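What follows is the content of coords.pdb (PDB, C-alpha atoms and all ligand atoms).
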```pdb
ATOM      1  CA  VAL A   2     100.234 114.087 115.412
ATOM      2  CA  THR A   3     103.236 113.249 117.522
ATOM      3  CA  THR A   4     104.656 115.779 119.913
ATOM      4  CA  LEU A   5     108.352 115.751 120.642
ATOM      5  CA  PRO A   6     107.952 115.786 124.449
ATOM      6  CA  GLN A   7     105.715 112.693 124.136
ATOM      7  CA  LEU A   8     108.265 110.806 122.067
ATOM      8  CA  SER A   9     111.066 111.983 124.292
ATOM      9  CA  ARG A  10     109.197 110.446 127.237
ATOM     10  CA  ALA A  11     108.515 107.262 125.263
ATOM     11  CA  LEU A  12     112.233 106.936 124.599
ATOM     12  CA  ALA A  13     113.074 107.459 128.253
ATOM     13  CA  GLY A  14     110.296 105.114 129.404
ATOM     14  CA  HIS A  15     109.527 101.734 127.929
ATOM     15  CA  GLU A  16     106.994 102.587 125.257
ATOM     16  CA  LEU A  17     109.320 101.871 122.341
ATOM     17  CA  GLU A  18     110.024  98.339 121.145
ATOM     18  CA  LEU A  19     112.140  97.110 118.267
ATOM     19  CA  PHE A  20     110.487  94.816 115.772
ATOM     20  CA  TYR A  21     112.644  92.814 113.363
ATOM     21  CA  GLN A  22     111.922  91.769 109.786
ATOM     22  CA  PRO A  23     113.879  88.865 108.264
ATOM     23  CA  VAL A  24     115.762  89.218 104.969
ATOM     24  CA  ARG A  25     115.998  85.768 103.375
ATOM     25  CA  GLY A  26     118.346  84.620 100.640
ATOM     26  CA  ALA A  27     117.283  82.830  97.472
ATOM     27  CA  ASP A  28     118.917  79.847  99.220
ATOM     28  CA  ALA A  29     116.440  80.300 102.144
ATOM     29  CA  VAL A  30     119.231  81.363 104.533
ATOM     30  CA  VAL A  31     118.522  84.444 106.668
ATOM     31  CA  ARG A  32     121.703  86.513 106.901
ATOM     32  CA  SER A  33     120.213  89.759 108.129
ATOM     33  CA  VAL A  34     117.205  91.317 109.777
ATOM     34  CA  GLU A  35     115.991  94.931 109.687
ATOM     35  CA  ALA A  36     115.297  96.611 113.026
ATOM     36  CA  LEU A  37     112.134  98.744 112.997
ATOM     37  CA  PRO A  38     111.001 100.735 116.028
ATOM     38  CA  ARG A  39     107.382 100.528 117.159
ATOM     39  CA  TRP A  40     105.759 102.783 119.716
ATOM     40  CA  HIS A  41     103.266 101.355 122.177
ATOM     41  CA  HIS A  42     101.386 104.628 122.485
ATOM     42  CA  PRO A  43      99.329 104.847 125.681
ATOM     43  CA  GLN A  44      96.275 106.194 123.818
ATOM     44  CA  ARG A  45      96.750 105.317 120.152
ATOM     45  CA  GLY A  46      98.010 101.750 120.415
ATOM     46  CA  LEU A  47     100.864 100.295 118.379
ATOM     47  CA  LEU A  48     102.389 102.890 116.026
ATOM     48  CA  GLU A  49     104.668 101.980 113.126
ATOM     49  CA  ALA A  50     107.862 103.940 112.512
ATOM     50  CA  GLY A  51     106.282 105.828 109.607
ATOM     51  CA  MET A  52     103.765 107.341 112.022
ATOM     52  CA  PHE A  53     106.296 109.055 114.268
ATOM     53  CA  ILE A  54     109.784 109.045 112.676
ATOM     54  CA  PRO A  55     109.023 111.810 110.128
ATOM     55  CA  ALA A  56     108.068 114.118 113.005
ATOM     56  CA  ILE A  57     111.529 113.823 114.536
ATOM     57  CA  ALA A  58     113.724 113.293 111.449
ATOM     58  CA  HIS A  59     114.988 116.874 111.516
ATOM     59  CA  THR A  60     115.383 117.219 115.276
ATOM     60  CA  SER A  61     118.113 116.177 117.681
ATOM     61  CA  LEU A  62     115.843 113.314 118.792
ATOM     62  CA  ALA A  63     116.619 111.516 115.513
ATOM     63  CA  THR A  64     120.153 110.717 116.660
ATOM     64  CA  ALA A  65     119.013 109.889 120.190
ATOM     65  CA  LEU A  66     116.504 107.430 118.735
ATOM     66  CA  THR A  67     119.099 105.872 116.426
ATOM     67  CA  THR A  68     121.499 105.416 119.342
ATOM     68  CA  TRP A  69     118.739 103.636 121.273
ATOM     69  CA  VAL A  70     117.851 101.507 118.226
ATOM     70  CA  LEU A  71     121.515 100.587 117.656
ATOM     71  CA  ARG A  72     122.012  99.531 121.289
ATOM     72  CA  GLN A  73     118.881  97.388 121.359
ATOM     73  CA  ALA A  74     119.581  95.890 117.944
ATOM     74  CA  ALA A  75     123.210  95.084 118.763
ATOM     75  CA  ARG A  76     122.263  93.410 122.044
ATOM     76  CA  GLN A  77     119.641  91.305 120.258
ATOM     77  CA  CYS A  78     122.032  90.474 117.432
ATOM     78  CA  ALA A  79     124.637  89.248 119.928
ATOM     79  CA  GLU A  80     121.978  87.099 121.596
ATOM     80  CA  TRP A  81     120.942  85.508 118.301
ATOM     81  CA  ARG A  82     124.573  84.864 117.380
ATOM     82  CA  ALA A  83     125.225  83.268 120.767
ATOM     83  CA  ASP A  84     122.293  80.945 119.973
ATOM     84  CA  GLY A  85     123.815  80.014 116.625
ATOM     85  CA  MET A  86     121.870  82.357 114.331
ATOM     86  CA  GLN A  87     124.554  84.140 112.298
ATOM     87  CA  VAL A  88     122.625  87.298 111.428
ATOM     88  CA  ASN A  89     123.516  90.928 110.887
ATOM     89  CA  VAL A  90     121.121  93.673 111.945
ATOM     90  CA  SER A  91     120.258  96.711 109.793
ATOM     91  CA  VAL A  92     119.136 100.078 111.135
ATOM     92  CA  ASN A  93     117.588 102.946 109.135
ATOM     93  CA  ILE A  94     119.151 106.372 109.602
ATOM     94  CA  SER A  95     118.021 109.860 108.616
ATOM     95  CA  ALA A  96     120.264 112.401 106.844
ATOM     96  CA  ARG A  97     120.679 114.324 110.069
ATOM     97  CA  THR A  98     121.987 111.251 111.859
ATOM     98  CA  LEU A  99     124.273 110.342 108.953
ATOM     99  CA  TYR A 100     125.908 113.771 109.198
ATOM    100  CA  ASN A 101     126.468 113.474 112.940
ATOM    101  CA  ASP A 102     130.264 113.349 113.396
ATOM    102  CA  THR A 103     129.992 111.073 116.418
ATOM    103  CA  LEU A 104     128.078 108.306 114.579
ATOM    104  CA  PRO A 105     131.156 106.211 113.605
ATOM    105  CA  ASP A 106     132.287 106.170 117.239
ATOM    106  CA  VAL A 107     128.787 105.412 118.483
ATOM    107  CA  VAL A 108     128.478 102.390 116.197
ATOM    108  CA  ARG A 109     131.960 101.120 117.054
ATOM    109  CA  THR A 110     131.305 101.459 120.776
ATOM    110  CA  VAL A 111     127.874  99.855 120.629
ATOM    111  CA  ALA A 112     129.276  96.885 118.688
ATOM    112  CA  ALA A 113     132.266  96.484 121.018
ATOM    113  CA  ASP A 114     130.032  96.635 124.104
ATOM    114  CA  CYS A 115     128.092  93.658 122.738
ATOM    115  CA  GLY A 116     131.177  91.749 121.606
ATOM    116  CA  LEU A 117     130.187  92.147 117.953
ATOM    117  CA  PRO A 118     132.347  93.118 114.980
ATOM    118  CA  PRO A 119     131.123  96.487 113.593
ATOM    119  CA  SER A 120     130.279  94.632 110.368
ATOM    120  CA  ALA A 121     127.432  92.867 112.225
ATOM    121  CA  LEU A 122     125.639  96.224 112.126
ATOM    122  CA  GLU A 123     124.472  97.795 108.883
ATOM    123  CA  LEU A 124     123.180 101.322 108.383
ATOM    124  CA  GLU A 125     120.546 101.920 105.699
ATOM    125  CA  VAL A 126     120.744 105.241 103.850
ATOM    126  CA  ALA A 127     117.892 106.192 101.518
ATOM    127  CA  GLU A 128     118.820 106.605  97.863
ATOM    128  CA  ALA A 129     117.152 110.033  97.864
ATOM    129  CA  ILE A 130     119.736 111.340 100.369
ATOM    130  CA  LEU A 131     122.551 110.066  98.140
ATOM    131  CA  VAL A 132     121.061 111.697  95.070
ATOM    132  CA  ARG A 133     120.255 115.069  96.607
ATOM    133  CA  GLU A 134     123.194 115.471  98.988
ATOM    134  CA  SER A 135     125.962 113.227  97.675
ATOM    135  CA  ALA A 136     128.715 115.784  98.398
ATOM    136  CA  ARG A 137     127.860 115.531 102.073
ATOM    137  CA  ALA A 138     126.546 111.986 102.310
ATOM    138  CA  ILE A 139     129.419 110.131 100.641
ATOM    139  CA  PRO A 140     132.222 111.482 102.885
ATOM    140  CA  ALA A 141     130.056 110.668 105.922
ATOM    141  CA  MET A 142     129.554 107.118 104.624
ATOM    142  CA  LEU A 143     133.281 106.737 103.979
ATOM    143  CA  ARG A 144     133.951 107.524 107.656
ATOM    144  CA  LEU A 145     131.416 104.861 108.634
ATOM    145  CA  ARG A 146     132.983 102.359 106.261
ATOM    146  CA  ASP A 147     136.373 103.074 107.847
ATOM    147  CA  ALA A 148     134.775 102.234 111.202
ATOM    148  CA  GLY A 149     133.924  98.819 109.742
ATOM    149  CA  VAL A 150     130.151  99.175 109.764
ATOM    150  CA  GLY A 151     128.052  97.728 106.934
ATOM    151  CA  LEU A 152     126.248 100.156 104.640
ATOM    152  CA  CYS A 153     123.424  99.850 102.145
ATOM    153  CA  VAL A 154     121.366 102.027  99.830
ATOM    154  CA  ASP A 155     117.731 101.830 100.966
ATOM    155  CA  LYS A 156     114.518 102.496  98.991
ATOM    156  CA  PHE A 157     116.403 102.336  95.692
ATOM    157  CA  GLY A 158     114.001 103.286  92.910
ATOM    158  CA  ALA A 159     111.367 104.800  95.183
ATOM    159  CA  GLU A 160     112.083 108.131  93.536
ATOM    160  CA  TYR A 161     115.129 108.021  91.268
ATOM    161  CA  GLY A 162     116.697 104.638  90.499
ATOM    162  CA  ALA A 163     120.018 106.399  89.854
ATOM    163  CA  VAL A 164     122.596 103.735  89.037
ATOM    164  CA  SER A 165     125.349 106.323  89.570
ATOM    165  CA  VAL A 166     124.524 106.046  93.284
ATOM    166  CA  MET A 167     125.354 102.327  93.190
ATOM    167  CA  ALA A 168     128.721 103.154  91.654
ATOM    168  CA  GLU A 169     129.598 106.058  93.941
ATOM    169  CA  ALA A 170     128.272 105.151  97.387
ATOM    170  CA  PRO A 171     130.600 103.015  99.563
ATOM    171  CA  VAL A 172     127.982 100.285 100.173
ATOM    172  CA  GLN A 173     127.860  96.495 100.070
ATOM    173  CA  ARG A 174     124.150  96.169  99.337
ATOM    174  CA  VAL A 175     121.297  97.874  97.573
ATOM    175  CA  LYS A 176     117.668  97.431  98.640
ATOM    176  CA  ILE A 177     115.201  97.857  95.804
ATOM    177  CA  ASP A 178     112.012  99.608  96.899
ATOM    178  CA  GLN A 179     108.615  97.928  96.802
ATOM    179  CA  ARG A 180     107.399 100.489  94.291
ATOM    180  CA  PHE A 181     109.159  98.360  91.660
ATOM    181  CA  THR A 182     109.314  94.930  93.228
ATOM    182  CA  GLY A 183     105.551  95.060  93.798
ATOM    183  CA  THR A 184     104.883  95.371  90.071
ATOM    184  CA  VAL A 185     107.324  92.944  88.441
ATOM    185  CA  VAL A 186     104.749  90.167  88.037
ATOM    186  CA  GLU A 187     102.301  92.405  86.202
ATOM    187  CA  PHE A 188     104.575  94.676  84.157
ATOM    188  CA  PRO A 189     107.316  93.559  81.739
ATOM    189  CA  LEU A 190     108.764  97.075  81.880
ATOM    190  CA  ALA A 191     109.266  96.793  85.664
ATOM    191  CA  ARG A 192     111.042  93.469  85.083
ATOM    192  CA  ALA A 193     113.335  95.102  82.530
ATOM    193  CA  VAL A 194     114.155  97.941  84.926
ATOM    194  CA  VAL A 195     114.791  95.711  87.950
ATOM    195  CA  GLY A 196     116.802  93.244  85.855
ATOM    196  CA  GLY A 197     119.004  96.109  84.649
ATOM    197  CA  TRP A 198     119.585  97.380  88.181
ATOM    198  CA  VAL A 199     120.526  93.884  89.326
ATOM    199  CA  ARG A 200     123.094  93.536  86.525
ATOM    200  CA  VAL A 201     124.652  96.910  87.357
ATOM    201  CA  ALA A 202     124.734  96.110  91.085
ATOM    202  CA  HIS A 203     126.339  92.713  90.500
ATOM    203  CA  GLN A 204     128.903  94.170  88.147
ATOM    204  CA  LEU A 205     129.849  96.568  90.980
ATOM    205  CA  GLY A 206     130.066  93.670  93.440
ATOM    206  CA  LEU A 207     126.931  94.653  95.366
ATOM    207  CA  THR A 208     124.295  92.326  96.777
ATOM    208  CA  VAL A 209     120.673  93.082  95.852
ATOM    209  CA  VAL A 210     117.768  92.878  98.294
ATOM    210  CA  ALA A 211     114.224  92.993  96.921
ATOM    211  CA  GLN A 212     111.891  94.683  99.393
ATOM    212  CA  GLY A 213     108.113  94.460  99.645
ATOM    213  CA  VAL A 214     107.959  90.834  98.484
ATOM    214  CA  GLU A 215     104.359  89.887  99.250
ATOM    215  CA  THR A 216     103.504  86.923  97.030
ATOM    216  CA  SER A 217     105.169  83.720  95.874
ATOM    217  CA  GLU A 218     104.764  84.938  92.271
ATOM    218  CA  ALA A 219     106.744  88.094  93.049
ATOM    219  CA  TRP A 220     109.325  86.017  94.923
ATOM    220  CA  ARG A 221     109.783  83.677  91.935
ATOM    221  CA  CYS A 222     110.017  86.559  89.493
ATOM    222  CA  LEU A 223     112.575  88.491  91.593
ATOM    223  CA  ILE A 224     114.722  85.371  92.001
ATOM    224  CA  ASP A 225     114.623  84.905  88.216
ATOM    225  CA  LEU A 226     115.722  88.542  87.833
ATOM    226  CA  GLY A 227     118.785  87.751  89.945
ATOM    227  CA  CYS A 228     117.893  89.389  93.275
ATOM    228  CA  ASP A 229     120.009  87.813  96.039
ATOM    229  CA  ASP A 230     117.799  88.369  99.085
ATOM    230  CA  MET A 231     114.102  88.879  99.705
ATOM    231  CA  GLN A 232     112.302  90.953 102.321
ATOM    232  CA  GLY A 233     108.575  91.470 102.663
ATOM    233  CA  PHE A 234     105.318  90.394 104.231
ATOM    234  CA  GLY A 235     105.410  87.243 102.055
ATOM    235  CA  ILE A 236     108.643  86.161 103.809
ATOM    236  CA  GLY A 237     107.981  87.501 107.280
ATOM    237  CA  ARG A 238     106.427  90.615 108.782
ATOM    238  CA  PRO A 239     108.289  92.868 111.185
ATOM    239  CA  MET A 240     107.857  91.113 114.538
ATOM    240  CA  PRO A 241     109.019  91.243 118.151
ATOM    241  CA  ALA A 242     112.388  89.586 118.837
ATOM    242  CA  VAL A 243     110.860  86.587 120.649
ATOM    243  CA  GLU A 244     108.602  85.878 117.675
ATOM    244  CA  LEU A 245     111.474  86.088 115.239
ATOM    245  CA  THR A 246     113.464  83.675 117.400
ATOM    246  CA  LYS A 247     110.587  81.180 117.012
ATOM    247  CA  TRP A 248     110.376  81.980 113.294
ATOM    248  CA  PHE A 249     114.083  81.097 112.929
ATOM    249  CA  ALA A 250     113.405  77.723 114.542
ATOM    250  CA  ARG A 251     110.404  76.774 112.390
ATOM    251  CA  PRO A 252     110.809  74.209 109.619
ATOM    252  CA  ASN A 253     111.188  75.862 106.208
TER     253      ASN A 253
HETATM  254  O1  LIG A 301     108.195 100.640 110.002
HETATM  255  P1  LIG A 301     107.576 101.438 108.923
HETATM  256  O2  LIG A 301     107.087 100.687 107.735
HETATM  257  O3  LIG A 301     106.473 102.353 109.453
HETATM  258  O4  LIG A 301     108.737 102.429 108.416
HETATM  259  C1  LIG A 301     108.401 103.552 107.701
HETATM  260  C2  LIG A 301     109.631 104.337 107.282
HETATM  261  O5  LIG A 301     110.399 104.759 108.419
HETATM  262  C3  LIG A 301     110.575 103.573 106.400
HETATM  263  O6  LIG A 301     110.905 104.432 105.327
HETATM  264  C4  LIG A 301     111.779 103.319 107.238
HETATM  265  O7  LIG A 301     112.968 103.331 106.477
HETATM  266  C5  LIG A 301     111.754 104.461 108.224
HETATM  267  N1  LIG A 301     112.342 104.053 109.490
HETATM  268  C6  LIG A 301     112.051 102.936 110.183
HETATM  269  N2  LIG A 301     112.761 102.875 111.314
HETATM  270  C7  LIG A 301     113.546 103.987 111.334
HETATM  271  C8  LIG A 301     114.540 104.484 112.250
HETATM  272  O8  LIG A 301     114.843 103.899 113.282
HETATM  273  N3  LIG A 301     115.131 105.672 111.917
HETATM  274  C9  LIG A 301     114.837 106.346 110.778
HETATM  275  N4  LIG A 301     115.468 107.495 110.528
HETATM  276  N5  LIG A 301     113.915 105.905 109.905
HETATM  277  C10 LIG A 301     113.276 104.738 110.168
HETATM  278  O1  LIG A 302     112.808 100.459 102.983
HETATM  279  P1  LIG A 302     112.124 100.882 104.209
HETATM  280  O2  LIG A 302     113.069 101.120 105.372
HETATM  281  O3  LIG A 302     111.230 102.030 103.944
HETATM  282  O4  LIG A 302     111.174  99.669 104.597
HETATM  283  C1  LIG A 302     110.809  99.384 105.880
HETATM  284  C2  LIG A 302     109.312  99.246 106.024
HETATM  285  O5  LIG A 302     108.618  98.668 104.909
HETATM  286  C3  LIG A 302     109.028  98.300 107.168
HETATM  287  O6  LIG A 302     108.885  99.044 108.339
HETATM  288  C4  LIG A 302     107.750  97.598 106.835
HETATM  289  O7  LIG A 302     106.679  97.973 107.674
HETATM  290  C5  LIG A 302     107.489  97.955 105.402
HETATM  291  N1  LIG A 302     107.365  96.694 104.677
HETATM  292  C6  LIG A 302     108.169  95.619 104.772
HETATM  293  N2  LIG A 302     107.760  94.619 103.967
HETATM  294  C7  LIG A 302     106.666  95.074 103.346
HETATM  295  C8  LIG A 302     105.777  94.489 102.386
HETATM  296  O8  LIG A 302     105.918  93.353 101.953
HETATM  297  N3  LIG A 302     104.737  95.290 101.975
HETATM  298  C9  LIG A 302     104.556  96.555 102.437
HETATM  299  N4  LIG A 302     103.505  97.239 101.966
HETATM  300  N5  LIG A 302     105.370  97.134 103.331
HETATM  301  C10 LIG A 302     106.417  96.411 103.794
HETATM  302 MN    MN A 303     115.020 100.213 105.448
END
```

Could you spell out this file's structure in structure tokens?
Amino acid sequence: VTTLPQLSRALAGHELELFYQPVRGADAVVRSVEALPRWHHPQRGLLEAGMFIPAIAHTSLATALTTWVLRQAARQCAEWRADGMQVNVSVNISARTLYNDTLPDVVRTVAADCGLPPSALELEVAEAILVRESARAIPAMLRLRDAGVGLCVDKFGAEYGAVSVMAEAPVQRVKIDQRFTGTVVEFPLARAVVGGWVRVAHQLGLTVVAQGVETSEAWRCLIDLGCDDMQGFGIGRPMPAVELTKWFARPN
């Protein structure tokens, strides 16, 4: 279990590091990467976000962590762009952070400080938040859209698969959860479901990212279903920035 004082110290010290996972188009071009915090815990070793984020999601540390993640991610994004890699960076946010009135200003400031347009940064909001709390979530997302920041629906289909969310949320992209993308090769029904979501998303002008792509069979199948971009261990794992820089440079 994570204690808040421990994580608070990790944030202040240098125990947190951002890993980045590439999101690659069907055309093999990488247009975005997802920033994922990792904690080099002094006793427990390298911890993934899932092992400590839930403990802070409902505390004021959630926004402090997101601010740190945004700063790091924006700085790295600017560096990659200066080196000719035209990528955007996505950051996951909790409901609490989404509802923070200062978030639009924080994102704008962070982008400006790094010489980036706000659209170089994308915030990922879980579909579940949009289903359960749309009356609160959508106005908050509209304020972020007005600030010029990119927005996407994350973990689509992990629980609901509510196409109304695609129509109502002010987003440019939808990320389909691995719960479905992981089963498309085996199950015709999963293919039918994902194919339907892709058609709805495209009709609404949204780009579709398939997450959790682990095998070349899944990759092929998701391309055939019309998914625009692929993310998963089969493309590239979350990795430190220096490793991703090398990964960008490798021959395809
Ligand atoms: O990195 P990992 O696979 O452990 O991520 C687990 C979960 O934590 C995912 O659902 C992801 O969306 C979420 N997550 C990752 N990074 C962040 C973050 O910086 N803030 C928030 N709120 N959630 C995050
Ligand atoms: O959508 P969400 O923010 O929950 O996804 C982020 C997390 O999903 C990442 O932190 C990463 O660790 C995990 N992830 C990314 N690709 C894969 C994959 O191909 N398989 C599995 N099992 N997990 C993945
Ligand atoms: Mn995500």

Margin query: I'd like the residues picked by the PyMOL selection byres (((not hetatm)) within 7 of (chain A and resi 303)) written out as a list in words, using the chain letters and numbers from the file.
Written below: Glu35, Asn93, Glu125, Asp155 and Lys156 of chain A

Next item on the list: Quick one: apply the PyMOL selection byres (((not hetatm)) within 8 of (chain A and resi 301)) to the file and drop the selected residues here as a ChimeraX atom specification.
Entry: /A:36-39,48-52,54-55,58,63,66-67,70,92-96,98,125,127,155-156,239

Check: So how many Å separate atom N4 of ligand LIG 302 (chain A) and CA of Phe53 in chain A, to one decimal?
Finding: 17.3 Å

Centre, edges in Å (one decimal): axis-aligned box, ligand LIG 302 (chain A), 3 Å padding on all six sides, as AutoDock Vina command-line options:
```
--center_x 108.3 --center_y 97.7 --center_z 105.1 --size_x 15.6 --size_y 14.7 --size_z 12.4
```

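The spacing separating CA of Asp178 in chain A from CA of Ala75 in chain A amounts to 25.0 Å.
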
Check: Hey, what comes out of the PyMOL selection byres (((chain A and resi 191-197) around 9) and not hetatm) on this file? Could you write it as a list in words?
Finding: Ile177, Phe181, Thr182, Thr184, Val185, Val186, Glu187, Phe188, Pro189, Leu190, Trp198, Val199, Arg200, Val201, Ala202, Cys222, Leu223, Asp225, Leu226, Gly227 and Cys228 of chain A

Item checked: Point (111.2, 89.0, 117.8) neighbourhood (12 Å, all atoms listed in the file) written as a PyMOL selection string -> chain A and resi 18-23+34-38+73-74+77-78+80-81+237-250

Residues from last step as file, C-alpha atoms, as a PDB file, in the frame of the given file:
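To be explicit, this is the file written out as result.pdb:
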```pdb
ATOM      1  CA  GLU A  18     110.024  98.339 121.145  1.00  0.00           C
ATOM      2  CA  LEU A  19     112.140  97.110 118.267  1.00  0.00           C
ATOM      3  CA  PHE A  20     110.487  94.816 115.772  1.00  0.00           C
ATOM      4  CA  TYR A  21     112.644  92.814 113.363  1.00  0.00           C
ATOM      5  CA  GLN A  22     111.922  91.769 109.786  1.00  0.00           C
ATOM      6  CA  PRO A  23     113.879  88.865 108.264  1.00  0.00           C
ATOM      7  CA  VAL A  34     117.205  91.317 109.777  1.00  0.00           C
ATOM      8  CA  GLU A  35     115.991  94.931 109.687  1.00  0.00           C
ATOM      9  CA  ALA A  36     115.297  96.611 113.026  1.00  0.00           C
ATOM     10  CA  LEU A  37     112.134  98.744 112.997  1.00  0.00           C
ATOM     11  CA  PRO A  38     111.001 100.735 116.028  1.00  0.00           C
ATOM     12  CA  GLN A  73     118.881  97.388 121.359  1.00  0.00           C
ATOM     13  CA  ALA A  74     119.581  95.890 117.944  1.00  0.00           C
ATOM     14  CA  GLN A  77     119.641  91.305 120.258  1.00  0.00           C
ATOM     15  CA  CYS A  78     122.032  90.474 117.432  1.00  0.00           C
ATOM     16  CA  GLU A  80     121.978  87.099 121.596  1.00  0.00           C
ATOM     17  CA  TRP A  81     120.942  85.508 118.301  1.00  0.00           C
ATOM     18  CA  GLY A 237     107.981  87.501 107.280  1.00  0.00           C
ATOM     19  CA  ARG A 238     106.427  90.615 108.782  1.00  0.00           C
ATOM     20  CA  PRO A 239     108.289  92.868 111.185  1.00  0.00           C
ATOM     21  CA  MET A 240     107.857  91.113 114.538  1.00  0.00           C
ATOM     22  CA  PRO A 241     109.019  91.243 118.151  1.00  0.00           C
ATOM     23  CA  ALA A 242     112.388  89.586 118.837  1.00  0.00           C
ATOM     24  CA  VAL A 243     110.860  86.587 120.649  1.00  0.00           C
ATOM     25  CA  GLU A 244     108.602  85.878 117.675  1.00  0.00           C
ATOM     26  CA  LEU A 245     111.474  86.088 115.239  1.00  0.00           C
ATOM     27  CA  THR A 246     113.464  83.675 117.400  1.00  0.00           C
ATOM     28  CA  LYS A 247     110.587  81.180 117.012  1.00  0.00           C
ATOM     29  CA  TRP A 248     110.376  81.980 113.294  1.00  0.00           C
ATOM     30  CA  PHE A 249     114.083  81.097 112.929  1.00  0.00           C
ATOM     31  CA  ALA A 250     113.405  77.723 114.542  1.00  0.00           C
TER      32      ALA A 250
END
```

Checklist line | Distance query range 144-149 of chain A at most 8 Å, all atoms listed in the file, self and fewer than 2 positions along chain excluded, as an NGL selection string | finding: :A and (104-106 or 109 or 118-120 or 140-142 or 151-152 or 171)

Notebook entry, point to check: Can you tell me, as a PyMOL selection string, what residues are no more than 9 Å from range 3-15 of chain A when counting only C-alpha atoms, ignoring any on the same chain fewer than 4 positions away?
Noted result: chain A and resi 40-42+52-53+56-57+60+62+65-66+69

Item checked: Which of A:Glu16, A:Gln179, A:Ile224, A:Phe234 sits closest to Gln212 in chain A [using only C-alpha atoms] -> A:Gln179

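Relative to CA of Val90 in chain A, CA of Arg76 in chain A is found at 10.2 Å.
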
Checklist line | Proximity to Cys115 in chain A - best of A:Val154, A:Leu71, A:Tyr161, A:Leu131, all atoms listed in the file | finding: A:Leu71

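Residue nearest Gln232 in chain A, chosen from A:Arg251, A:Lys176, A:Arg82, A:His203 and counting only C-alpha atoms: A:Lys176.
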
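With all atoms listed in the file as the atoms that count, the residue of A:Arg97, A:Ala112, A:Val24, A:Leu117 with the shortest distance to Ile130 in chain A is A:Arg97.
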
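With all atoms listed in the file as the basis for measurement, A:Gly158 is the residue among A:Leu122, A:Gln173, A:Ala168, A:Gly158 that approaches ligand LIG 302 (chain A) most closely.
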
Check: Of the residues A:Ser91, A:Ser165, A:Asn101, A:Thr208, which is the one nearest to ligand LIG 302 (chain A), using all atoms listed in the file?
Finding: A:Ser91

Take the structure in the block and write a file for range 139-150 of chain A, N, CA and C atoms, as a short mmCIF file (atom, residue, chain, number, x, y, z; two decimals), in the first residue's frame.
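New file result.cif:
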```
data_model
loop_
_atom_site.label_atom_id
_atom_site.label_comp_id
_atom_site.auth_asym_id
_atom_site.auth_seq_id
_atom_site.Cartn_x
_atom_site.Cartn_y
_atom_site.Cartn_z
N ILE A 139 -18.74 17.20 -19.05
CA ILE A 139 -18.77 17.83 -20.38
C ILE A 139 -18.49 19.34 -20.32
N PRO A 140 -19.12 20.09 -19.40
CA PRO A 140 -18.75 21.52 -19.30
C PRO A 140 -17.27 21.72 -18.99
N ALA A 141 -16.71 20.86 -18.15
CA ALA A 141 -15.27 20.98 -17.83
C ALA A 141 -14.44 20.73 -19.09
N MET A 142 -14.85 19.76 -19.90
CA MET A 142 -14.11 19.47 -21.13
C MET A 142 -14.27 20.59 -22.16
N LEU A 143 -15.43 21.23 -22.16
CA LEU A 143 -15.63 22.35 -23.09
C LEU A 143 -14.68 23.50 -22.75
N ARG A 144 -14.44 23.73 -21.46
CA ARG A 144 -13.50 24.79 -21.06
C ARG A 144 -12.08 24.43 -21.51
N LEU A 145 -11.76 23.15 -21.44
CA LEU A 145 -10.42 22.71 -21.88
C LEU A 145 -10.30 22.83 -23.40
N ARG A 146 -11.38 22.50 -24.10
CA ARG A 146 -11.35 22.62 -25.56
C ARG A 146 -11.16 24.09 -25.95
N ASP A 147 -11.83 24.99 -25.22
CA ASP A 147 -11.68 26.42 -25.50
C ASP A 147 -10.24 26.89 -25.27
N ALA A 148 -9.54 26.18 -24.37
CA ALA A 148 -8.13 26.52 -24.12
C ALA A 148 -7.23 25.94 -25.22
N GLY A 149 -7.81 25.16 -26.11
CA GLY A 149 -7.05 24.65 -27.26
C GLY A 149 -6.39 23.30 -27.05
N VAL A 150 -6.62 22.70 -25.89
CA VAL A 150 -5.97 21.42 -25.59
C VAL A 150 -6.72 20.27 -26.26
#
```
